[in-house]
Amino acid sequence: MPENRILVLDPTATDPDAEHQALRERGPATLVDILGVTAWSVSDPELLKQLLTSKDVSKDGRAHWPAFAQTVPTWPLALWIAVENMFTAYGADHSRLRRMVTPALSARRTAALQPGIEALVTGILDDLDALPAGETVDLREHLAYPLPIAVIGKLMGVPADRRTEFRTVVDNVFATHLTTEEQTANTAALYGLLDALIETKRSEPGEDMTSLLIATRDDEGEGSALSHAELRDTLLLMISAGYETTVNVIDQAITTLLTDPQQLAHVREGLCTWQDVVEETLRHQPAVKHLPLRYALTDVPLPDGQTIRAGEAILASYAAANRHPDWHEDADRFDATRLSKEHLAFGHGVHFCLGAPLARLEVATALRLLFKRFPDARLATERAGLETLPSLISNGHTSVPVRLRPTPSR
């Protein structure tokens, strides 16, 4: 029988694996409290895929969640449901907004970025190579962060001297330990940066996606296919999703390979590829643990006899679903040679992440060049000693301390 008591999710995410196991033990879906909001956490992969592709489930809270108006002023995660972009759009609006962004992330354009990505990684590793042997370096801070920020910054036209500011406010968007007041102030700071970027690109357009979106809006005029709010929130989505999630995958892949040397040996022996490592990392430790929110348009009967009622909120619990024992054998074990590559790390259905190919390219390139340059790299602490990010959403560590080369023996 399913557990009826509401499970309060830990906003600081001190033990996410245990929490995901608890969700799975409660059945395909269970009621949870996420920072004061009650939602159905869905951890069964088949049920989750069904809901993610159902026309009876929406991401538009304004239109389809009765509690939207009373929740937004007081909920720390209000930005996640209040933005006006393809992330929260439903039906024709979603198709319209997604269509405007798709060309920037096409397979051809992504492939064309590979030489630049390799050059960026090489430059980062050159700097790390200059450090004394035996010195500890935080690879989250000095590899996982700078690469995707530089890539998405160039793609979107964010000036290099403003990227640190964007990083700070975007990191806070993913944090779930902040108060409503702190998040409100952070949102104001974020929108201030976005408005400044729009004005800069409007007066000095370049060969970047921000300039292209502005031109599309300005050419078609007010009331056109892209409102100012949609323009600003589309930039927010592309900049934040374009780097934060990739940071986490690089972080988790490095951490796993340095705590399970056999997996690294598999790559070196040709038993699997770097792409296999990326896919298994996405399955085993997806960049996003829970993604708020979706809303039932009609009553949704569940396999265990429960019902998600029309108007109730749904939380896609990707990390819990990815390790469901009915989906993958020995699901809690990381295995880069695993034949099945299926996972939900990039979502499913019409909201599948447009940036997935770019993220995969960045992570695979970073890993390949890192371990080629520093074959003797070692984690400078036990994995159990790594501190998880205080976030129900973002799945990474506060730091990844590594010794790239052993201390020379005397």
# chains A, B, ... in the order shown; residues from 1 in each chain; ligands from 1

call {"tool": "residues_around", "arguments": {"residues": "Ser394 of chain A", "least_positions_apart": "2", "cutoff": "8 Å", "atoms": "only C-alpha atoms", "output": "PyMOL selection string"}}
result
chain A and resi 174-175+244-245+248+287-289+389+391-392+396

call {"tool": "write_last_selection", "arguments": {"atoms": "C-alpha atoms", "output": "PDB file, in the first residue's frame"}}
result
ATOM      1  CA  PHE A 174      18.791  26.754  -8.284  1.00  0.00           C
ATOM      2  CA  ALA A 175      19.363  27.065  -4.526  1.00  0.00           C
ATOM      3  CA  GLU A 244      24.237  25.228 -14.580  1.00  0.00           C
ATOM      4  CA  THR A 245      23.216  21.730 -15.613  1.00  0.00           C
ATOM      5  CA  ASN A 248      26.811  19.420 -12.543  1.00  0.00           C
ATOM      6  CA  ALA A 287      22.050  17.337 -13.298  1.00  0.00           C
ATOM      7  CA  VAL A 288      18.505  18.037 -12.095  1.00  0.00           C
ATOM      8  CA  LYS A 289      16.986  15.968  -9.284  1.00  0.00           C
ATOM      9  CA  LEU A 389      24.781  21.567  -3.108  1.00  0.00           C
ATOM     10  CA  SER A 391      19.365  22.336  -3.632  1.00  0.00           C
ATOM     11  CA  LEU A 392      16.432  20.057  -4.378  1.00  0.00           C
ATOM     12  CA  GLY A 396      26.274  18.612  -7.694  1.00  0.00           C
TER      13      GLY A 396
END

call {"tool": "residues_around", "arguments": {"residues": "Val278 of chain A", "least_positions_apart": "3", "cutoff": "7 Å", "atoms": "only C-alpha atoms", "output": "PyMOL selection string"}}
result
chain A and resi 274-275+281-282+360+363-364

call {"tool": "write_last_selection", "arguments": {"atoms": "all heavy atoms", "output": "compact mmCIF listing (two decimals), in the first residue's frame"}}
result
# COMPACT_ATOMS: atom_id res chain seq x y z
N TRP A 274 33.86 7.72 -24.01
CA TRP A 274 33.55 8.87 -23.16
C TRP A 274 32.07 9.22 -23.26
O TRP A 274 31.46 9.65 -22.28
CB TRP A 274 34.40 10.08 -23.56
CG TRP A 274 35.84 9.93 -23.18
CD1 TRP A 274 36.92 9.86 -24.02
CD2 TRP A 274 36.36 9.82 -21.85
NE1 TRP A 274 38.08 9.71 -23.29
CE2 TRP A 274 37.76 9.69 -21.95
CE3 TRP A 274 35.78 9.83 -20.58
CZ2 TRP A 274 38.59 9.56 -20.84
CZ3 TRP A 274 36.60 9.69 -19.47
CH2 TRP A 274 37.98 9.57 -19.60
N GLN A 275 31.48 9.00 -24.41
CA GLN A 275 30.05 9.23 -24.55
C GLN A 275 29.26 8.30 -23.64
O GLN A 275 28.24 8.68 -23.06
CB GLN A 275 29.62 9.06 -26.01
CG GLN A 275 30.05 10.17 -26.95
CD GLN A 275 31.55 10.15 -27.25
OE1 GLN A 275 32.20 9.10 -27.17
NE2 GLN A 275 32.09 11.30 -27.60
N THR A 281 26.53 8.83 -16.45
CA THR A 281 26.48 9.89 -15.45
C THR A 281 25.11 10.56 -15.44
O THR A 281 24.54 10.82 -14.38
CB THR A 281 27.57 10.95 -15.72
OG1 THR A 281 28.86 10.33 -15.74
CG2 THR A 281 27.55 12.04 -14.66
N LEU A 282 24.58 10.82 -16.62
CA LEU A 282 23.25 11.43 -16.73
C LEU A 282 22.18 10.53 -16.11
O LEU A 282 21.20 11.03 -15.54
CB LEU A 282 22.92 11.70 -18.19
CG LEU A 282 23.72 12.84 -18.84
CD1 LEU A 282 23.59 12.77 -20.36
CD2 LEU A 282 23.25 14.19 -18.33
N ARG A 360 26.18 17.31 -23.92
CA ARG A 360 26.92 16.05 -24.11
C ARG A 360 28.30 16.32 -24.71
O ARG A 360 29.29 15.72 -24.30
CB ARG A 360 26.12 15.13 -25.02
CG ARG A 360 24.91 14.49 -24.35
CD ARG A 360 24.06 13.73 -25.35
NE ARG A 360 23.16 12.79 -24.69
CZ ARG A 360 21.86 12.68 -24.94
NH1 ARG A 360 21.31 13.47 -25.85
NH2 ARG A 360 21.12 11.80 -24.30
N VAL A 363 30.67 17.96 -22.00
CA VAL A 363 31.10 17.04 -20.95
C VAL A 363 32.10 16.02 -21.49
O VAL A 363 33.15 15.77 -20.89
CB VAL A 363 29.90 16.33 -20.30
CG1 VAL A 363 30.38 15.36 -19.21
CG2 VAL A 363 28.93 17.34 -19.70
N ALA A 364 31.79 15.41 -22.64
CA ALA A 364 32.68 14.41 -23.21
C ALA A 364 34.04 15.01 -23.54
O ALA A 364 35.09 14.38 -23.29
CB ALA A 364 32.06 13.79 -24.46

call {"tool": "closest_atom_pairs", "arguments": {"of": "segment 227-281 of chain A", "to": "segment 197-214 of chain A", "cutoff": "12 Å", "atoms": "only C-alpha atoms", "output": "Markdown table"}}
result
| residue | atom | partner | partner_atom | distance |
| --- | --- | --- | --- | --- |
| A:Ser227 | CA | A:Ile214 | CA | 10.2 |
| A:His228 | CA | A:Ile214 | CA | 9.1 |
| A:Ala229 | CA | A:Ile198 | CA | 11.6 |
| A:Glu230 | CA | A:Leu213 | CA | 10.1 |
| A:Leu231 | CA | A:Leu213 | CA | 7.0 |
| A:Arg232 | CA | A:Ile198 | CA | 7.9 |
| A:Asp233 | CA | A:Ile198 | CA | 11.4 |
| A:Thr234 | CA | A:Leu213 | CA | 9.0 |
| A:Leu235 | CA | A:Thr210 | CA | 7.0 |
| A:Leu236 | CA | A:Thr210 | CA | 10.6 |
| A:Leu237 | CA | A:Thr210 | CA | 11.9 |
| A:Met238 | CA | A:Met209 | CA | 9.5 |
| A:Ile239 | CA | A:Thr210 | CA | 10.1 |

call {"tool": "atom_distance", "arguments": {"atom1": "atom CA of Leu291 of chain A", "atom2": "atom CA of Ala29 of chain A"}}
result
14.5 Å

call {"tool": "residues_around", "arguments": {"residues": "Pro16 of chain A", "least_positions_apart": "3", "cutoff": "9 Å", "atoms": "only C-alpha atoms", "output": "JSON, numbers by chain"}}
result
{"A": [10, 13, 19, 20, 21, 289, 319, 388, 392, 395]}

call {"tool": "select_by_dssp", "arguments": {"residues": "segment 196-310 of chain A", "states": "helix (DSSP H, G or I)", "output": "ChimeraX atom specification"}}
result
/A:196-203,209-220,228-241,244-259,261-268,274-284

call {"tool": "residues_around", "arguments": {"residues": "Leu386 of chain A", "least_positions_apart": "3", "cutoff": "12 Å", "atoms": "only C-alpha atoms", "output": "PyMOL selection string"}}
result
chain A and resi 14-15+138+140+251-252+255-256+259+379-383+389+396-402

call {"tool": "closest_residue", "arguments": {"among": "A:Ile81, A:Leu155, A:Leu369, A:Ala241", "to": "Arg109 of chain A", "atoms": "only C-alpha atoms"}}
result
A:Leu155

call {"tool": "closest_atom_pairs", "arguments": {"of": "segment 308-330 of chain A", "to": "segment 339-342 of chain A", "cutoff": "12 Å", "atoms": "only C-alpha atoms", "output": "tab-separated table"}}
result
residue	atom	partner	partner_atom	distance
A:Ala321	CA	A:Glu342	CA	11.1
A:Asn322	CA	A:Glu342	CA	8.4
A:Arg323	CA	A:Glu342	CA	10.7
A:His324	CA	A:Glu342	CA	11.7
A:Trp327	CA	A:Glu342	CA	8.8
A:His328	CA	A:Ser340	CA	7.8
A:Glu329	CA	A:Ser340	CA	9.6

call {"tool": "write_last_selection", "arguments": {"atoms": "N, CA, C and O atoms", "output": "compact mmCIF listing (two decimals), in the first residue's frame"}}
result
# COMPACT_ATOMS: atom_id res chain seq x y z
N ALA A 321 13.62 8.49 -10.54
CA ALA A 321 13.13 7.66 -11.64
C ALA A 321 14.28 6.97 -12.37
O ALA A 321 14.18 5.81 -12.76
N ASN A 322 15.39 7.69 -12.57
CA ASN A 322 16.51 7.13 -13.31
C ASN A 322 17.08 5.87 -12.66
O ASN A 322 17.66 5.02 -13.34
N ARG A 323 16.94 5.76 -11.35
CA ARG A 323 17.50 4.60 -10.65
C ARG A 323 16.41 3.62 -10.20
O ARG A 323 16.61 2.82 -9.30
N HIS A 324 15.27 3.68 -10.85
CA HIS A 324 14.19 2.76 -10.48
C HIS A 324 14.61 1.32 -10.80
O HIS A 324 15.06 1.04 -11.91
N TRP A 327 13.55 -0.43 -14.04
CA TRP A 327 14.01 0.11 -15.31
C TRP A 327 15.41 -0.39 -15.67
O TRP A 327 15.68 -0.79 -16.79
N HIS A 328 16.29 -0.38 -14.66
CA HIS A 328 17.67 -0.79 -14.90
C HIS A 328 18.10 -1.81 -13.85
O HIS A 328 17.84 -1.63 -12.66
N GLU A 329 18.79 -2.84 -14.29
CA GLU A 329 19.32 -3.84 -13.37
C GLU A 329 20.44 -3.21 -12.54
O GLU A 329 21.28 -2.48 -13.07

call {"tool": "closest_residue", "arguments": {"among": "A:Val173, A:Ala111, A:Ala67, A:Val137", "to": "Leu190 of chain A", "atoms": "only C-alpha atoms"}}
result
A:Val173

call {"tool": "residues_around", "arguments": {"residues": "Glu312 of chain A", "least_positions_apart": "2", "cutoff": "8 Å", "atoms": "only C-alpha atoms", "output": "list in words"}}
result
Ala39, Trp40, Trp65, Tyr295, Ala296, Ile308, Arg309, Ala310 and Ile314 of chain A

call {"tool": "write_last_selection", "arguments": {"atoms": "N, CA, C and O atoms", "output": "PDB file, in the first residue's frame"}}
result
ATOM      1  N   ALA A  39       2.811  18.610  -3.701  1.00  0.00           N
ATOM      2  CA  ALA A  39       2.811  18.147  -5.093  1.00  0.00           C
ATOM      3  C   ALA A  39       2.965  16.637  -5.107  1.00  0.00           C
ATOM      4  O   ALA A  39       3.390  16.027  -4.128  1.00  0.00           O
ATOM      5  N   TRP A  40       2.610  16.048  -6.238  1.00  0.00           N
ATOM      6  CA  TRP A  40       2.811  14.609  -6.447  1.00  0.00           C
ATOM      7  C   TRP A  40       4.195  14.388  -7.046  1.00  0.00           C
ATOM      8  O   TRP A  40       4.454  14.756  -8.190  1.00  0.00           O
ATOM      9  N   TRP A  65      -3.259  25.926 -12.748  1.00  0.00           N
ATOM     10  CA  TRP A  65      -3.043  25.593 -11.334  1.00  0.00           C
ATOM     11  C   TRP A  65      -3.823  26.572 -10.479  1.00  0.00           C
ATOM     12  O   TRP A  65      -3.466  27.739 -10.381  1.00  0.00           O
ATOM     13  N   TYR A 295       1.003  20.370 -13.925  1.00  0.00           N
ATOM     14  CA  TYR A 295      -0.331  20.436 -13.325  1.00  0.00           C
ATOM     15  C   TYR A 295      -1.296  19.535 -14.097  1.00  0.00           C
ATOM     16  O   TYR A 295      -1.316  19.538 -15.336  1.00  0.00           O
ATOM     17  N   ALA A 296      -2.082  18.777 -13.343  1.00  0.00           N
ATOM     18  CA  ALA A 296      -3.049  17.875 -13.968  1.00  0.00           C
ATOM     19  C   ALA A 296      -4.258  18.671 -14.461  1.00  0.00           C
ATOM     20  O   ALA A 296      -4.847  19.452 -13.705  1.00  0.00           O
ATOM     21  N   ILE A 308      -4.321  11.454  -9.012  1.00  0.00           N
ATOM     22  CA  ILE A 308      -3.899  12.859  -9.032  1.00  0.00           C
ATOM     23  C   ILE A 308      -5.105  13.652  -9.530  1.00  0.00           C
ATOM     24  O   ILE A 308      -5.553  13.467 -10.661  1.00  0.00           O
ATOM     25  N   ARG A 309      -5.638  14.507  -8.696  1.00  0.00           N
ATOM     26  CA  ARG A 309      -6.847  15.242  -9.048  1.00  0.00           C
ATOM     27  C   ARG A 309      -6.539  16.414  -9.974  1.00  0.00           C
ATOM     28  O   ARG A 309      -5.449  16.982  -9.943  1.00  0.00           O
ATOM     29  N   ALA A 310      -7.515  16.767 -10.780  1.00  0.00           N
ATOM     30  CA  ALA A 310      -7.375  17.928 -11.667  1.00  0.00           C
ATOM     31  C   ALA A 310      -7.001  19.156 -10.854  1.00  0.00           C
ATOM     32  O   ALA A 310      -7.605  19.424  -9.808  1.00  0.00           O
ATOM     33  N   ILE A 314       2.368  18.518  -9.921  1.00  0.00           N
ATOM     34  CA  ILE A 314       3.169  17.323 -10.146  1.00  0.00           C
ATOM     35  C   ILE A 314       4.638  17.717 -10.189  1.00  0.00           C
ATOM     36  O   ILE A 314       5.017  18.695 -10.847  1.00  0.00           O
TER      37      ILE A 314
END

call {"tool": "closest_residue", "arguments": {"among": "A:Gly27, A:Ala215, A:Leu105, A:His266", "to": "Leu47 of chain A", "atoms": "only C-alpha atoms"}}
result
A:Gly27

call {"tool": "closest_residue", "arguments": {"among": "A:Asp299, A:Asp332, A:Asp44, A:Asp171", "to": "Ser317 of chain A", "atoms": "only C-alpha atoms"}}
result
A:Asp44

call {"tool": "residues_around", "arguments": {"residues": "His290 of chain A", "least_positions_apart": "4", "cutoff": "6 Å", "atoms": "only C-alpha atoms", "output": "list of chain:residue names"}}
result
A:Ala316, A:Ser317, A:Tyr318, A:Ile393

call {"tool": "write_last_selection", "arguments": {"atoms": "all heavy atoms", "output": "CSV table (one decimal), in the first residue's frame"}}
result
chain,number,residue,atom,x,y,z
A,316,ALA,N,8.3,16.3,-11.2
A,316,ALA,CA,9.1,15.3,-12.0
A,316,ALA,C,10.3,15.0,-11.2
A,316,ALA,O,11.3,15.8,-11.2
A,316,ALA,CB,9.4,15.8,-13.4
A,317,SER,N,10.4,13.8,-10.6
A,317,SER,CA,11.6,13.4,-9.8
A,317,SER,C,12.5,12.6,-10.6
A,317,SER,O,12.5,11.4,-10.5
A,317,SER,CB,11.1,12.7,-8.5
A,317,SER,OG,10.4,13.6,-7.7
A,318,TYR,N,13.3,13.3,-11.5
A,318,TYR,CA,14.1,12.6,-12.5
A,318,TYR,C,15.2,11.7,-11.8
A,318,TYR,O,15.4,10.6,-12.3
A,318,TYR,CB,14.8,13.6,-13.4
A,318,TYR,CG,13.8,14.3,-14.3
A,318,TYR,CD1,13.9,15.7,-14.4
A,318,TYR,CD2,12.9,13.7,-15.1
A,318,TYR,CE1,13.0,16.4,-15.2
A,318,TYR,CE2,12.1,14.3,-15.9
A,318,TYR,CZ,12.1,15.7,-16.0
A,318,TYR,OH,11.2,16.4,-16.8
A,393,ILE,N,17.0,20.9,-6.6
A,393,ILE,CA,17.0,20.9,-8.0
A,393,ILE,C,18.3,20.5,-8.6
A,393,ILE,O,18.5,19.5,-9.3
A,393,ILE,CB,16.5,22.3,-8.6
A,393,ILE,CG1,15.1,22.6,-8.0
A,393,ILE,CG2,16.5,22.3,-10.1
A,393,ILE,CD1,14.6,24.0,-8.3

call {"tool": "atom_distance", "arguments": {"atom1": "atom CA of Thr168 of chain A", "atom2": "atom CA of Leu147 of chain A"}}
result
15.7 Å

call {"tool": "closest_residue", "arguments": {"among": "A:Pro301, A:Pro357, A:Gly270, A:Gly192", "to": "Val169 of chain A", "atoms": "only C-alpha atoms"}}
result
A:Gly192

call {"tool": "residues_around", "arguments": {"residues": "Leu315 of chain A", "least_positions_apart": "4", "cutoff": "6 Å", "atoms": "only C-alpha atoms", "output": "list of chain:residue names"}}
result
A:Trp40, A:Ser41, A:Pro292, A:Leu293
